[in-house]
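One file, coords16.csv, carrying CSV, C-alpha atoms:
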chain,number,residue,atom,x,y,z
A,1,MET,CA,7.8,153.8,198.9
A,2,GLU,CA,8.3,154.9,202.4
A,3,GLN,CA,11.0,157.5,203.0
A,4,VAL,CA,13.9,156.0,204.9
A,5,SER,CA,15.6,158.3,207.4
A,6,GLY,CA,18.9,157.3,208.8
A,7,ARG,CA,20.3,153.9,209.1
A,8,PRO,CA,18.8,152.4,212.2
A,9,LEU,CA,20.0,148.9,211.4
A,10,GLU,CA,23.6,150.0,210.8
A,11,GLY,CA,25.9,147.3,212.1
A,12,LYS,CA,23.2,144.6,212.2
A,13,ARG,CA,23.9,141.3,210.4
A,14,VAL,CA,21.0,139.4,209.0
A,15,ALA,CA,21.2,135.8,207.6
A,16,MET,CA,18.8,134.8,204.9
A,17,LEU,CA,18.7,131.0,204.6
A,18,MET,CA,17.2,129.6,201.4
A,19,THR,CA,17.7,127.2,198.4
A,20,ASP,CA,16.2,126.4,195.0
A,21,GLY,CA,12.5,127.1,194.8
A,22,VAL,CA,12.5,130.2,196.9
A,23,GLU,CA,9.7,132.6,196.2
A,24,GLN,CA,12.0,135.4,195.0
A,25,ILE,CA,10.1,138.4,196.2
A,26,GLU,CA,10.2,137.0,199.7
A,27,TYR,CA,14.0,137.2,199.4
A,28,THR,CA,14.5,140.4,197.5
A,29,SER,CA,12.0,142.5,199.4
A,30,PRO,CA,13.2,141.9,203.0
A,31,ARG,CA,16.8,142.1,201.7
A,32,SER,CA,16.4,145.5,200.1
A,33,TYR,CA,14.3,146.8,203.0
A,34,LEU,CA,16.9,145.8,205.6
A,35,GLU,CA,19.9,147.0,203.5
A,36,GLU,CA,18.2,150.4,203.0
A,37,ARG,CA,18.2,150.7,206.7
A,38,GLY,CA,21.9,149.9,207.1
A,39,ALA,CA,21.8,146.2,207.8
A,40,THR,CA,24.3,143.7,206.2
A,41,VAL,CA,22.4,140.8,204.7
A,42,VAL,CA,24.1,137.5,203.8
A,43,LEU,CA,22.5,134.8,201.5
A,44,LEU,CA,23.1,131.4,203.2
A,45,SER,CA,22.3,128.1,201.7
A,46,PRO,CA,23.1,124.4,201.9
A,47,LYS,CA,24.6,125.0,198.5
A,48,ASN,CA,28.2,126.2,198.2
A,49,ALA,CA,29.2,129.9,198.2
A,50,GLY,CA,29.3,131.1,194.6
A,51,GLU,CA,26.6,128.5,193.4
A,52,GLU,CA,23.2,129.8,192.4
A,53,VAL,CA,19.8,129.5,193.9
A,54,GLN,CA,16.9,129.3,191.5
A,55,GLY,CA,14.2,131.7,192.5
A,56,PHE,CA,10.5,131.3,191.5
A,57,ASN,CA,7.5,133.5,190.9
A,58,HIS,CA,5.0,131.0,192.2
A,59,LEU,CA,5.4,128.1,189.8
A,60,GLN,CA,7.4,130.0,187.2
A,61,PRO,CA,11.2,129.9,187.4
A,62,GLY,CA,12.5,133.4,188.0
A,63,ASP,CA,15.9,134.9,188.7
A,64,ARG,CA,19.0,133.2,190.1
A,65,PHE,CA,20.8,134.4,193.2
A,66,LYS,CA,24.4,133.8,194.2
A,67,VAL,CA,25.0,132.0,197.5
A,68,GLU,CA,27.2,134.1,199.7
A,69,MET,CA,28.0,131.5,202.4
A,70,ASN,CA,27.4,127.8,202.8
A,71,VAL,CA,25.3,127.2,206.0
A,72,ARG,CA,27.9,124.7,207.1
A,73,ASP,CA,30.4,127.5,207.5
A,74,ALA,CA,27.9,129.8,209.2
A,75,ASP,CA,27.6,130.4,213.0
A,76,PRO,CA,24.4,131.9,214.4
A,77,THR,CA,26.6,134.0,216.8
A,78,ASP,CA,27.8,135.9,213.8
A,79,PHE,CA,24.3,137.2,213.0
A,80,ASP,CA,21.7,139.3,214.8
A,81,ALA,CA,18.7,137.8,213.0
A,82,LEU,CA,17.6,135.1,210.6
A,83,VAL,CA,15.0,135.4,207.8
A,84,LEU,CA,13.4,132.4,206.2
A,85,PRO,CA,11.6,133.2,202.9
A,86,GLY,CA,9.0,130.8,201.4
A,87,GLY,CA,8.4,129.2,198.0
A,88,VAL,CA,7.1,125.7,198.5
A,89,ALA,CA,10.1,123.8,197.3
A,90,ASN,CA,12.6,125.9,199.2
A,91,PRO,CA,11.8,124.9,202.8
A,92,ASP,CA,11.0,121.4,201.6
A,93,ASN,CA,14.6,121.1,200.5
A,94,LEU,CA,16.0,122.8,203.6
A,95,ARG,CA,14.2,120.3,205.8
A,96,MET,CA,16.6,117.6,204.5
A,97,SER,CA,19.7,119.6,205.4
A,98,ARG,CA,20.8,118.8,209.0
A,99,GLU,CA,23.1,121.9,208.9
A,100,ALA,CA,20.2,124.2,207.9
A,101,ILE,CA,18.0,122.9,210.6
A,102,ASP,CA,20.7,123.2,213.3
A,103,PHE,CA,21.5,126.7,212.1
A,104,ILE,CA,17.8,127.7,212.5
A,105,ARG,CA,17.7,126.1,215.9
A,106,GLY,CA,20.7,128.1,217.0
A,107,PHE,CA,18.9,131.4,216.6
A,108,ASP,CA,16.2,130.2,219.0
A,109,VAL,CA,18.8,128.9,221.5
A,110,GLU,CA,20.4,132.3,221.4
A,111,ASP,CA,17.1,134.1,221.6
A,112,LYS,CA,17.7,136.0,218.4
A,113,PRO,CA,14.9,137.2,216.1
A,114,VAL,CA,13.7,134.7,213.4
A,115,GLY,CA,11.4,135.9,210.6
A,116,ALA,CA,9.6,133.3,208.5
A,117,ILE,CA,7.1,134.0,205.7
A,118,CYS,CA,4.7,131.9,203.6
A,119,HIS,CA,6.1,128.3,203.4
A,120,GLY,CA,9.2,129.5,205.4
A,121,PRO,CA,7.8,128.3,208.8
A,122,TRP,CA,7.9,124.7,207.8
A,123,THR,CA,11.5,124.3,208.9
A,124,LEU,CA,10.6,125.7,212.3
A,125,ILE,CA,8.8,122.3,212.9
A,126,ASP,CA,12.1,120.4,212.3
A,127,ALA,CA,14.1,122.9,214.4
A,128,GLY,CA,11.7,122.4,217.3
A,129,ILE,CA,10.7,126.1,217.4
A,130,ALA,CA,7.1,125.8,216.4
A,131,SER,CA,5.9,124.1,219.6
A,132,ALA,CA,3.8,126.4,221.9
A,133,LYS,CA,4.4,129.4,219.6
A,134,HIS,CA,1.8,131.7,218.3
A,135,LEU,CA,2.4,132.0,214.6
A,136,THR,CA,1.0,132.2,211.1
A,137,SER,CA,2.1,130.9,207.6
A,138,TRP,CA,0.8,130.1,204.2
A,139,PRO,CA,-2.5,128.3,205.0
A,140,SER,CA,-1.5,124.9,203.6
A,141,LEU,CA,1.0,124.6,206.6
A,142,LYS,CA,-1.7,125.2,209.2
A,143,ARG,CA,-2.3,121.6,210.0
A,144,ASP,CA,1.4,120.7,210.2
A,145,LEU,CA,2.2,123.7,212.5
A,146,THR,CA,-0.8,123.0,214.7
A,147,ASN,CA,0.1,119.3,214.9
A,148,ALA,CA,3.6,120.4,216.0
A,149,GLY,CA,2.1,122.3,218.9
A,150,ALA,CA,1.8,125.9,217.5
A,151,GLU,CA,-1.2,128.2,217.9
A,152,TRP,CA,-1.9,129.2,214.3
A,153,THR,CA,-3.8,132.4,213.4
A,154,ASP,CA,-4.7,134.0,210.1
A,155,ASP,CA,-3.0,137.4,210.5
A,156,GLU,CA,-0.7,139.4,208.2
A,157,VAL,CA,2.1,139.3,210.8
A,158,VAL,CA,2.3,137.5,214.2
A,159,ILE,CA,5.1,138.2,216.7
A,160,ASP,CA,5.6,135.8,219.6
A,161,ALA,CA,8.8,136.5,221.6
A,162,ARG,CA,11.5,136.8,218.9
A,163,LEU,CA,9.5,134.9,216.2
A,164,VAL,CA,8.0,137.0,213.4
A,165,THR,CA,5.8,135.2,210.9
A,166,SER,CA,3.6,136.2,207.9
A,167,ARG,CA,1.4,134.4,205.4
A,168,LYS,CA,2.3,135.6,201.8
A,169,PRO,CA,4.0,138.2,199.6
A,170,ASP,CA,1.1,140.7,200.2
A,171,ASP,CA,2.2,140.7,203.9
A,172,LEU,CA,5.8,141.8,203.1
A,173,PRO,CA,5.4,145.4,204.2
A,174,ALA,CA,4.1,144.4,207.7
A,175,PHE,CA,6.7,141.5,207.8
A,176,ASN,CA,9.6,143.8,207.0
A,177,ASP,CA,8.5,146.4,209.6
A,178,ALA,CA,8.2,143.8,212.3
A,179,LEU,CA,11.6,142.4,211.4
A,180,ALA,CA,13.2,145.8,211.7
A,181,LYS,CA,11.6,146.4,215.1
A,182,GLU,CA,12.8,143.1,216.4
A,183,LEU,CA,16.3,143.8,215.1
A,184,MET,CA,16.4,147.2,216.8
A,185,MET,CA,15.5,145.5,220.1
A,186,ALA,CA,18.1,142.7,219.6
A,187,PRO,CA,20.7,142.2,222.3
A,188,GLY,CA,23.8,144.4,221.7
A,189,THR,CA,22.0,147.6,220.7
A,190,ASP,CA,19.2,147.6,223.2
A,191,PRO,CA,20.5,149.8,226.1
A,192,GLY,CA,18.0,148.1,228.3
A,193,PRO,CA,16.3,149.7,231.3
A,194,THR,CA,19.1,148.7,233.7
A,195,SER,CA,22.2,149.6,231.7
B,1,MET,CA,-2.7,86.8,193.9
B,2,GLN,CA,0.3,86.3,191.8
B,3,GLN,CA,3.3,88.5,193.1
B,4,ASN,CA,5.2,88.4,189.9
B,5,SER,CA,6.8,91.8,189.3
B,6,GLN,CA,7.3,90.9,185.6
B,7,GLN,CA,3.5,90.5,185.2
B,8,LYS,CA,2.6,91.1,181.6
B,9,PRO,CA,0.0,93.6,180.5
B,10,GLY,CA,-3.3,92.0,180.8
B,11,GLN,CA,-6.9,92.5,181.9
B,12,ALA,CA,-6.4,91.9,185.7
B,13,LEU,CA,-8.0,95.3,186.3
B,14,GLN,CA,-10.7,95.1,183.7
B,15,GLY,CA,-13.7,97.1,184.9
B,16,LYS,CA,-11.8,98.9,187.7
B,17,ARG,CA,-12.0,102.7,187.8
B,18,VAL,CA,-9.2,104.7,189.3
B,19,ALA,CA,-9.2,108.4,190.1
B,20,ILE,CA,-5.8,110.2,190.0
B,21,LEU,CA,-6.2,113.5,191.9
B,22,MET,CA,-3.7,116.2,191.2
B,23,THR,CA,-3.1,119.8,190.2
B,24,ASP,CA,-0.3,122.1,189.0
B,25,GLY,CA,3.2,121.1,190.2
B,26,VAL,CA,2.6,117.4,190.0
B,27,GLU,CA,5.8,115.3,189.6
B,28,GLN,CA,4.7,114.1,186.2
B,29,VAL,CA,6.3,110.6,186.2
B,30,GLU,CA,4.3,109.9,189.4
B,31,TYR,CA,1.2,110.5,187.3
B,32,THR,CA,2.2,108.9,184.0
B,33,GLY,CA,3.9,105.9,185.6
B,34,PRO,CA,0.9,104.6,187.6
B,35,ARG,CA,-1.6,105.7,184.8
B,36,SER,CA,0.0,103.7,182.0
B,37,PHE,CA,0.6,100.7,184.3
B,38,LEU,CA,-3.0,100.7,185.4
B,39,GLU,CA,-4.3,101.2,181.9
B,40,GLN,CA,-2.1,98.3,180.6
B,41,GLN,CA,-3.8,96.1,183.3
B,42,GLY,CA,-7.2,97.1,181.9
B,43,ALA,CA,-8.3,99.8,184.4
B,44,LYS,CA,-10.1,103.0,183.4
B,45,VAL,CA,-8.2,106.0,184.8
B,46,THR,CA,-9.5,109.5,185.2
B,47,LEU,CA,-7.5,112.6,185.9
B,48,VAL,CA,-9.4,114.5,188.7
B,49,SER,CA,-8.5,118.0,189.8
B,50,PRO,CA,-9.8,121.1,191.6
B,51,LYS,CA,-9.4,122.7,188.1
B,52,PRO,CA,-12.3,122.5,185.7
B,53,SER,CA,-12.5,119.7,183.2
B,54,GLY,CA,-10.6,120.6,180.0
B,55,ASP,CA,-8.2,122.9,181.9
B,56,GLU,CA,-4.5,121.9,181.8
B,57,ILE,CA,-2.3,120.9,184.7
B,58,GLN,CA,1.4,121.9,184.6
B,59,GLY,CA,3.6,118.8,185.3
B,60,PHE,CA,7.1,119.1,186.6
B,61,ASN,CA,10.3,117.1,186.5
B,62,HIS,CA,11.5,118.1,190.0
B,63,LEU,CA,11.9,121.9,189.6
B,64,ASP,CA,11.6,122.1,185.8
B,65,PRO,CA,8.2,122.7,184.2
B,66,ALA,CA,7.5,119.9,181.9
B,67,ASP,CA,4.3,118.5,180.1
B,68,LYS,CA,0.7,119.7,180.6
B,69,PHE,CA,-2.1,117.3,181.2
B,70,LYS,CA,-5.8,117.8,180.5
B,71,VAL,CA,-8.2,117.6,183.5
B,72,GLU,CA,-10.8,115.0,182.8
B,73,LEU,CA,-13.1,115.6,185.8
B,74,ASP,CA,-13.5,118.5,188.2
B,75,VAL,CA,-13.3,117.1,191.7
B,76,ARG,CA,-16.5,119.0,192.6
B,77,ASP,CA,-18.3,116.7,190.1
B,78,ALA,CA,-16.5,113.5,191.1
B,79,ARG,CA,-18.1,110.9,193.5
B,80,PRO,CA,-15.9,108.4,195.3
B,81,ALA,CA,-18.7,105.9,194.8
B,82,ASP,CA,-17.8,106.0,191.0
B,83,PHE,CA,-14.2,104.8,191.6
B,84,ASP,CA,-12.6,101.7,193.0
B,85,ALA,CA,-9.3,103.4,194.1
B,86,LEU,CA,-7.6,106.8,194.4
B,87,VAL,CA,-4.0,107.6,193.4
B,88,LEU,CA,-2.2,110.7,194.8
B,89,PRO,CA,1.0,111.6,193.0
B,90,GLY,CA,3.6,113.9,194.5
B,91,GLY,CA,5.5,117.0,193.3
B,92,VAL,CA,5.8,119.4,196.3
B,93,ALA,CA,3.5,122.2,194.9
B,94,ASN,CA,0.8,119.8,193.9
B,95,PRO,CA,-0.4,118.5,197.3
B,96,ASP,CA,0.4,121.9,198.8
B,97,GLN,CA,-2.4,123.3,196.6
B,98,LEU,CA,-4.7,120.4,197.1
B,99,ARG,CA,-4.6,120.9,200.8
B,100,LEU,CA,-6.4,124.2,200.3
B,101,SER,CA,-9.2,122.7,198.3
B,102,MET,CA,-12.0,121.6,200.6
B,103,GLU,CA,-13.5,119.5,197.8
B,104,ALA,CA,-10.2,117.7,197.1
B,105,ILE,CA,-9.8,116.9,200.8
B,106,THR,CA,-13.4,115.7,201.2
B,107,PHE,CA,-13.0,113.5,198.1
B,108,ILE,CA,-9.9,111.9,199.6
B,109,ARG,CA,-11.5,111.4,203.0
B,110,GLU,CA,-14.5,109.6,201.4
B,111,PHE,CA,-12.2,106.9,199.9
B,112,GLY,CA,-11.0,106.4,203.5
B,113,ARG,CA,-14.5,106.2,204.8
B,114,GLU,CA,-15.6,103.7,202.2
B,115,ASN,CA,-12.5,101.7,202.8
B,116,LYS,CA,-11.3,101.9,199.2
B,117,PRO,CA,-7.6,101.7,198.3
B,118,ILE,CA,-5.7,105.0,198.4
B,119,ALA,CA,-2.2,105.1,197.0
B,120,ALA,CA,0.0,108.1,197.7
B,121,ILE,CA,3.7,108.6,196.7
B,122,CYS,CA,6.4,111.1,197.5
B,123,HIS,CA,4.8,114.4,198.6
B,124,GLY,CA,1.3,112.9,197.9
B,125,PRO,CA,0.7,111.8,201.5
B,126,TRP,CA,0.5,115.4,202.7
B,127,THR,CA,-3.2,115.6,201.9
B,128,LEU,CA,-3.9,112.5,204.0
B,129,ILE,CA,-3.1,114.6,207.0
B,130,ASP,CA,-5.9,117.1,206.2
B,131,ALA,CA,-8.2,114.2,205.3
B,132,ASP,CA,-7.6,112.7,208.8
B,133,LEU,CA,-6.5,109.4,207.3
B,134,VAL,CA,-3.0,109.0,208.8
B,135,THR,CA,-3.5,108.5,212.6
B,136,GLY,CA,-2.3,105.1,213.6
B,137,LYS,CA,-1.2,104.2,210.1
B,138,ARG,CA,2.1,102.7,209.1
B,139,MET,CA,3.3,104.5,206.1
B,140,THR,CA,6.1,106.2,204.2
B,141,SER,CA,6.6,109.4,202.0
B,142,TRP,CA,9.2,111.7,200.7
B,143,PRO,CA,11.5,112.2,203.8
B,144,THR,CA,10.6,115.8,204.3
B,145,LEU,CA,7.1,114.9,205.3
B,146,GLN,CA,8.2,112.5,208.0
B,147,LEU,CA,7.8,114.8,211.0
B,148,ASP,CA,4.4,116.2,209.7
B,149,LEU,CA,3.1,112.6,209.3
B,150,GLN,CA,4.4,111.6,212.7
B,151,ASN,CA,3.0,114.7,214.4
B,152,ALA,CA,-0.4,113.7,212.8
B,153,GLY,CA,-0.1,110.3,214.4
B,154,ALA,CA,1.4,108.1,211.7
B,155,GLN,CA,4.1,105.5,212.1
B,156,TRP,CA,6.6,106.5,209.5
B,157,THR,CA,9.1,104.1,208.0
B,158,ASP,CA,11.7,104.3,205.2
B,159,GLU,CA,10.6,101.6,202.8
B,160,GLN,CA,10.0,101.6,199.0
B,161,VAL,CA,6.3,100.7,199.6
B,162,VAL,CA,4.3,100.3,202.7
B,163,VAL,CA,0.8,98.8,202.8
B,164,ASP,CA,-1.4,99.3,205.8
B,165,GLY,CA,-5.0,98.3,205.4
B,166,LYS,CA,-6.1,99.9,202.1
B,167,LEU,CA,-3.4,102.6,202.2
B,168,VAL,CA,-0.4,102.2,199.9
B,169,THR,CA,2.5,104.7,200.2
B,170,SER,CA,5.9,105.1,198.6
B,171,ARG,CA,8.8,107.6,198.8
B,172,LYS,CA,9.9,108.7,195.4
B,173,PRO,CA,9.9,108.0,191.6
B,174,ASP,CA,12.4,105.2,192.0
B,175,ASP,CA,9.7,103.3,194.0
B,176,ILE,CA,7.1,103.5,191.2
B,177,PRO,CA,7.4,99.8,190.1
B,178,ALA,CA,6.8,98.6,193.7
B,179,PHE,CA,4.1,101.2,194.2
B,180,ASN,CA,2.3,100.1,191.0
B,181,GLN,CA,2.4,96.4,192.0
B,182,ALA,CA,1.0,97.2,195.4
B,183,ILE,CA,-1.9,99.2,193.8
B,184,LEU,CA,-2.5,96.3,191.5
B,185,SER,CA,-2.7,93.9,194.5
B,186,GLU,CA,-5.1,96.2,196.3
B,187,LEU,CA,-7.3,96.8,193.3
B,188,ALA,CA,-7.4,93.1,192.3
B,189,ALA,CA,-8.6,92.3,195.8
B,190,VAL,CA,-11.6,94.5,195.4
B,191,GLN,CA,-14.6,92.3,194.5
B,192,PRO,CA,-16.9,93.2,191.6
B,193,GLY,CA,-19.9,95.0,192.9
B,194,GLN,CA,-18.1,95.8,196.2
B,195,SER,CA,-17.6,99.4,195.2
B,196,GLY,CA,-20.4,101.9,195.3
B,197,ALA,CA,-21.8,100.5,198.5
B,198,HIS,CA,-23.2,103.2,200.8
Mind turning this structure into structure tokens?
Amino acid sequence: MEQVSGRPLEGKRVAMLMTDGVEQIEYTSPRSYLEERGATVVLLSPKNAGEEVQGFNHLQPGDRFKVEMNVRDADPTDFDALVLPGGVANPDNLRMSREAIDFIRGFDVEDKPVGAICHGPWTLIDAGIASAKHLTSWPSLKRDLTNAGAEWTDDEVVIDARLVTSRKPDDLPAFNDALAKELMMAPGTDPGPTS
Amino acid sequence: MQQNSQQKPGQALQGKRVAILMTDGVEQVEYTGPRSFLEQQGAKVTLVSPKPSGDEIQGFNHLDPADKFKVELDVRDARPADFDALVLPGGVANPDQLRLSMEAITFIREFGRENKPIAAICHGPWTLIDADLVTGKRMTSWPTLQLDLQNAGAQWTDEQVVVDGKLVTSRKPDDIPAFNQAILSELAAVQPGQSGAH
């Protein structure tokens, strides 16, 4: 495990949006990585705060995770970045939640970093973010993302503007590093060349 | 063709061969419902999968692992010419995996090319995108696929069963009775000796 020096993400707030069926390592790994570096991470869901989300290890039911905020009560302006884990049933369920899709779209509107891994990028289609973006995903989504106007490539991590995408759990180290870099550049902490 | 939804078990589909293509994650009632209906009507049904014959497929009731089903024919060894129709059950993880099987997609595409009935329910229609069979088609599915199907050129509509040419689609387990009847109509319309043409 890489040595963490300092807390470069101190003060940053990251939303993780997910529901039943989430590939649990794609939740737990980014969360602990970001928290170790000082970020505050909040589990958002279309389910109510206090309810549980059923995690999966591929097709095997795994652990349960307590929802910290209902996405209906969440505002993208309260967060510096959004992370969308995969697990095939998770984004499939999120696509039916108007509030979830609007929340995702809000991060694009505010030009804030969005990280999506594995099946996570599916919701980007519904949020209208995939079009004309260079991105990757679990390979089964390639056709849907391409048909939605994205340029899909088979890389461990793809960064286009503020959008960070990866293919699968093996890509998590590269995904996490890219997320942290985007967060450090996020408006609010980036002094910028002219300030 | 009689359109009686109370049609009794009979031999209307005697001699007809139906392939049901699926893998782990299948919504099991979308397999068992059509299978038992078609068999009651006299059809011979074969469970085809990218898994080898004799291997088991893990069925699901939504997110809960349920029964296992034995694969009867590896899709690599299956020829569309040996079947009169194809059924594609749903269960979100099932078509998601089939999309990554070149042999499964080719098998599906061949049914389209040979103009044989294809029936897909719930998440089942996803593979039709990869098989290039949805462009210009009027169809339905589980609602989460709506945008993907539209982006692929389909005309999506929210009905319990939609028939366009030889393509039969439905939305969810509740639609299975209408789905089964539509498959029956399509299959009964297939003339003996019509299948297997090159």
Taking only C-alpha atoms into account and nothing else, which residues of chain A lie no more than 6 Å away from chain B? Please answer as a compact mmCIF listing (two decimals) with C-alpha atoms, keeping the file's coordinate frame.
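Generated file (out.txt):
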# COMPACT_ATOMS: atom_id res chain seq x y z
CA ARG A 95 14.20 120.30 205.80
CA SER A 140 -1.50 124.90 203.60
CA ASP A 144 1.40 120.70 210.20
CA ASN A 147 0.10 119.30 214.90
CA ALA A 148 3.60 120.40 216.00
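Relative to CA of Ala43 in chain B, CA of Glu72 in chain B is found at 15.5 Å.
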Skipping near chain neighbours, those fewer than 6 positions away, what residues fall within 10 Å of Val45 in chain B using all atoms listed in the file, listed as a ChimeraX atom specification? /B:16-20,34-36,38-39,72,83,85-87
Answer as a PyMOL selection string, residues within 10 Å of (-19.1, 102.8, 186.1) using all atoms listed in the file: chain B and resi 15-17+44+81-84+195-196
List every protein, DNA or RNA residue with an atom no more than 8 Å from (10.4, 144.2, 202.9) in the file's coordinates, counting only C-alpha atoms, and format the result as number ranges by chain. A: 26, 28-34, 172-177
Kindly give the distance, in Å, that separates CA of Pro61 in chain A and CA of Ile125 in chain A, rounded to a single decimal.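 So the answer is 26.7 Å.
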12 Å contact set for Ile117 in chain A, all atoms listed in the file, chain neighbours under 4 positions out, as a PyMOL selection string: chain A and resi 16+18+22-27+29-30+82-88+90-91+121-124+135-139+141+155-159+163-176+178-179
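Among the candidate residues B:Ser141, B:Thr106, B:Asn180, B:Ser185, the one lying nearest to Phe37 in chain B is B:Asn180, with distances computed using only C-alpha atoms.
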